[in-house]
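**Student:** There's a structure below that I have some questions on.
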Amino acid sequence: MPLASAGCVSGLFVGLWMAVQIEGAGSCPTAGEIEEKLIPLLPPGFVIDSGDRAVIAEDADGLTVSLARPDGKTAARRHLPRSGTCTEQAETVAVTLAVWEAQIHPEISLRLERLARAPASAPRAADREVTLVRSAAPVAARALLPAVGAGIVGSWQPDSVAPGGRLDATLGASDRRLRLRLSLAGLGHHTLKVAPGEANWWRGYVVLGGDYVVPVGGRWRLALGAGGVLGLLTAGGSGFSTDRTTRSVDLGAEVMLRVELALGSFRPWLGAALLTWLRRQTVEVTGEVASAALPRLEPFIALGADFCWRR
């Protein structure tokens with residue numbers, strides 16, 4: 001059973017020079033702060049003999065802590081609410097890990113008198129119910145983070161501005177900054193002067209790609225994404241002796257930068273993107289020499305929100 005984590009988090013691996021390896025997601029507390037509080041609670045020989053691995057996943061509601069044995073089996077897991085400060089949070093996590101280690105390794109159980117010297121706020125969190133999980137098979141300490149969302153789009157060209165919309169589905173993991181993305185988008189009608197009338201066109205397209213998510217402080221995230229595009233162009237004319245409509249399939253690419261705010265399971269965002277098409281497409285007037293090339297670059301801005309859930 002994978003480690004559950006609410007909201008959308010990004011992973012940061014920190015390797016520490018101690019036997020209990022700590023993987024932390026977020027910066028409050030850091031893996032170094034947890035290590036500083038944990039070492040005094042464990043006997044000196046333990047950091048040499050043990051090869052356990054702790055995983056700390058941060059979300060909007062607190063921290064999810066799990067402990068895995070050297071063979072990859074998850075030994076214990078629980079969710080801790082947020083404490084007043086990062087130092088208090090580090091103490092709470094350290095005490096929790098120390099209690100688990102004492103239950104798993106009976107040879108160090110008599111050394112838990114060290115916990116009496118920990119600050120008062122930490123033992124209270126550790127005295128809550130602790131659940132030990134015995135797994136028959138190795139379990140990766142990783143939470144999948146799916147999300148779906150929608151947004152409104154504003155696209156512009158030299159002669160026109162057009163509205164649009166998009167639907168996005170993403171899939172990430174709590175210990176990875178990369179996530180997969182599938183998007184369905186549509187851009188409204190643009191116009192282009194072609195004497196003696198004008199051409200108009202709109203596009204619908206599908207994007208398959210990924211995002212690289214970087215925490216920038218607190219709950220704010222930057223997501224730089226790119227993907228391949230399969231699009232359908234619908235173009236027509238107006239003001240000609242005979243107005244016609246035609247359709248064409250094209251390939252392209254999309255690059256997008258989003259600023260995201262993680263609010264538990266709700267993730268509003270603001271983005272700017274550039275859409276480019278591989279083929280040059282031209283509008284021609286039958287019986288006339290007039291023609292015009294459709295723009296191959298389509299910049300746009302977007303505003304939307306995603307709904308995230310735990311797996």
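Each chain of the structure tokens is named A, B, ... in the order shown, its residues numbered from 1; ligands are numbered from 1 in display order.
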What's around segment 226-235 of chain A at 9 Å? Count only C-alpha atoms, leave out sequence neighbours fewer than 6 positions away in its own chain, and write the answer as an NGL selection string.
**Tutor:** :A and (181-182 or 199-211 or 244-257 or 275-277 or 283)
**Student:** Go ahead and write the selection's residues with N, CA, C and O atoms as a short mmCIF file (atom, residue, chain, number, x, y, z; two decimals), in the first residue's frame.
**Tutor:**
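Final output, selection.cif:
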data_model
loop_
_atom_site.label_atom_id
_atom_site.label_comp_id
_atom_site.auth_asym_id
_atom_site.auth_seq_id
_atom_site.Cartn_x
_atom_site.Cartn_y
_atom_site.Cartn_z
N ARG A 181 1.70 15.20 -17.94
CA ARG A 181 0.54 16.08 -18.19
C ARG A 181 -0.11 15.74 -19.53
O ARG A 181 0.57 15.55 -20.54
N LEU A 182 -1.44 15.67 -19.52
CA LEU A 182 -2.25 15.50 -20.72
C LEU A 182 -3.26 16.64 -20.76
O LEU A 182 -4.00 16.85 -19.79
N ALA A 199 -9.79 36.12 -43.84
CA ALA A 199 -9.80 34.71 -43.44
C ALA A 199 -9.96 34.64 -41.93
O ALA A 199 -9.49 35.51 -41.19
N ASN A 200 -10.63 33.60 -41.47
CA ASN A 200 -10.74 33.36 -40.03
C ASN A 200 -10.42 31.89 -39.75
O ASN A 200 -10.67 31.03 -40.58
N TRP A 201 -9.86 31.63 -38.56
CA TRP A 201 -9.51 30.26 -38.23
C TRP A 201 -9.55 30.06 -36.72
O TRP A 201 -9.48 31.01 -35.94
N TRP A 202 -9.68 28.81 -36.32
CA TRP A 202 -9.57 28.43 -34.92
C TRP A 202 -8.93 27.05 -34.84
O TRP A 202 -8.92 26.30 -35.81
N ARG A 203 -8.41 26.72 -33.67
CA ARG A 203 -7.71 25.45 -33.50
C ARG A 203 -8.17 24.74 -32.22
O ARG A 203 -8.45 25.36 -31.21
N GLY A 204 -8.20 23.41 -32.32
CA GLY A 204 -8.33 22.55 -31.15
C GLY A 204 -7.15 21.59 -31.16
O GLY A 204 -6.71 21.17 -32.23
N TYR A 205 -6.62 21.26 -29.98
CA TYR A 205 -5.42 20.41 -29.98
C TYR A 205 -5.29 19.64 -28.67
O TYR A 205 -5.92 19.96 -27.66
N VAL A 206 -4.47 18.61 -28.72
CA VAL A 206 -4.16 17.75 -27.58
C VAL A 206 -2.65 17.85 -27.32
O VAL A 206 -1.85 17.85 -28.26
N VAL A 207 -2.28 17.95 -26.03
CA VAL A 207 -0.88 18.03 -25.63
C VAL A 207 -0.54 16.84 -24.74
O VAL A 207 -1.28 16.53 -23.79
N LEU A 208 0.57 16.18 -25.02
CA LEU A 208 1.10 15.13 -24.15
C LEU A 208 2.53 15.51 -23.80
O LEU A 208 3.38 15.66 -24.68
N GLY A 209 2.79 15.71 -22.51
CA GLY A 209 4.12 16.15 -22.10
C GLY A 209 4.31 16.03 -20.61
O GLY A 209 3.75 15.14 -19.95
N GLY A 210 5.09 16.92 -20.06
CA GLY A 210 5.40 16.88 -18.63
C GLY A 210 5.74 18.25 -18.10
O GLY A 210 6.00 19.20 -18.84
N ASP A 211 5.75 18.35 -16.76
CA ASP A 211 6.10 19.59 -16.06
C ASP A 211 7.23 19.31 -15.08
O ASP A 211 7.32 18.21 -14.50
N ARG A 244 -15.58 29.53 -48.41
CA ARG A 244 -15.38 28.10 -48.17
C ARG A 244 -14.70 27.88 -46.82
O ARG A 244 -14.06 28.77 -46.27
N THR A 245 -14.82 26.65 -46.33
CA THR A 245 -14.19 26.23 -45.07
C THR A 245 -13.37 24.97 -45.32
O THR A 245 -13.81 24.07 -46.04
N THR A 246 -12.20 24.92 -44.71
CA THR A 246 -11.34 23.75 -44.86
C THR A 246 -10.75 23.38 -43.50
O THR A 246 -10.68 24.21 -42.59
N ARG A 247 -10.32 22.12 -43.38
CA ARG A 247 -9.73 21.64 -42.13
C ARG A 247 -8.42 20.94 -42.43
O ARG A 247 -8.24 20.36 -43.50
N SER A 248 -7.52 21.02 -41.46
CA SER A 248 -6.19 20.44 -41.64
C SER A 248 -5.64 19.99 -40.29
O SER A 248 -5.83 20.66 -39.28
N VAL A 249 -4.94 18.84 -40.29
CA VAL A 249 -4.29 18.33 -39.09
C VAL A 249 -2.82 18.74 -39.11
O VAL A 249 -2.17 18.70 -40.15
N ASP A 250 -2.30 19.15 -37.95
CA ASP A 250 -0.92 19.60 -37.89
C ASP A 250 -0.29 19.15 -36.58
O ASP A 250 -0.98 18.85 -35.60
N LEU A 251 1.03 19.09 -36.59
CA LEU A 251 1.81 18.76 -35.40
C LEU A 251 2.52 20.01 -34.89
O LEU A 251 2.86 20.90 -35.67
N GLY A 252 2.76 20.06 -33.60
CA GLY A 252 3.45 21.22 -33.04
C GLY A 252 4.00 20.93 -31.66
O GLY A 252 4.15 19.77 -31.26
N ALA A 253 4.29 21.99 -30.93
CA ALA A 253 4.83 21.87 -29.58
C ALA A 253 4.32 23.03 -28.74
O ALA A 253 4.04 24.12 -29.26
N GLU A 254 4.20 22.79 -27.44
CA GLU A 254 3.75 23.81 -26.50
C GLU A 254 4.73 23.90 -25.34
O GLU A 254 5.16 22.89 -24.80
N VAL A 255 5.08 25.14 -24.98
CA VAL A 255 5.90 25.41 -23.80
C VAL A 255 5.09 26.33 -22.89
O VAL A 255 4.54 27.33 -23.35
N MET A 256 5.04 25.98 -21.60
CA MET A 256 4.18 26.74 -20.69
C MET A 256 4.86 26.91 -19.34
O MET A 256 5.50 25.99 -18.82
N LEU A 257 4.72 28.10 -18.76
CA LEU A 257 5.21 28.39 -17.41
C LEU A 257 4.01 28.76 -16.55
O LEU A 257 3.25 29.66 -16.89
N LEU A 275 2.68 28.42 -28.27
CA LEU A 275 2.31 27.28 -29.10
C LEU A 275 2.91 27.48 -30.49
O LEU A 275 2.76 28.56 -31.07
N THR A 276 3.60 26.47 -31.00
CA THR A 276 4.21 26.58 -32.33
C THR A 276 3.81 25.39 -33.18
O THR A 276 3.65 24.27 -32.67
N TRP A 277 3.65 25.64 -34.48
CA TRP A 277 3.24 24.60 -35.43
C TRP A 277 4.36 24.31 -36.42
O TRP A 277 5.06 25.22 -36.84
N VAL A 283 -3.37 30.62 -46.60
CA VAL A 283 -4.74 30.85 -47.09
C VAL A 283 -4.64 31.49 -48.47
O VAL A 283 -3.98 32.53 -48.63
#
**Student:** Could you tell me which of A:Arg310, A:His189, A:Arg219, A:Arg78 comes closest to Leu144 of chain A if we count only C-alpha atoms?
**Tutor:** A:Arg310
**Student:** Go through A:Asp61, A:Asp52, A:Asp159, A:Glu36 one by one, measure the shortest atom-to-atom distance of each to Lys193 of chain A using only C-alpha atoms, and give the residue with the smallest value.
**Tutor:**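 The shortest atom-to-atom distance to Lys193 of chain A comes from A:Asp159.
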**Student:** Mind giving me the straight-line distance from atom CA of Glu260 of chain A to atom CA of Thr92 of chain A in Å, one decimal?
**Tutor:**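 So the two atoms, atom CA of Glu260 of chain A and atom CA of Thr92 of chain A, lie 29.1 Å apart.
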**Student:** Could you pull out the strand (DSSP E or B) residues of segment 164-280 of chain A from DSSP and send them as a ChimeraX atom specification?
**Tutor:** /A:164-173,178-194,197-217,220-238,245-261,263,266-277
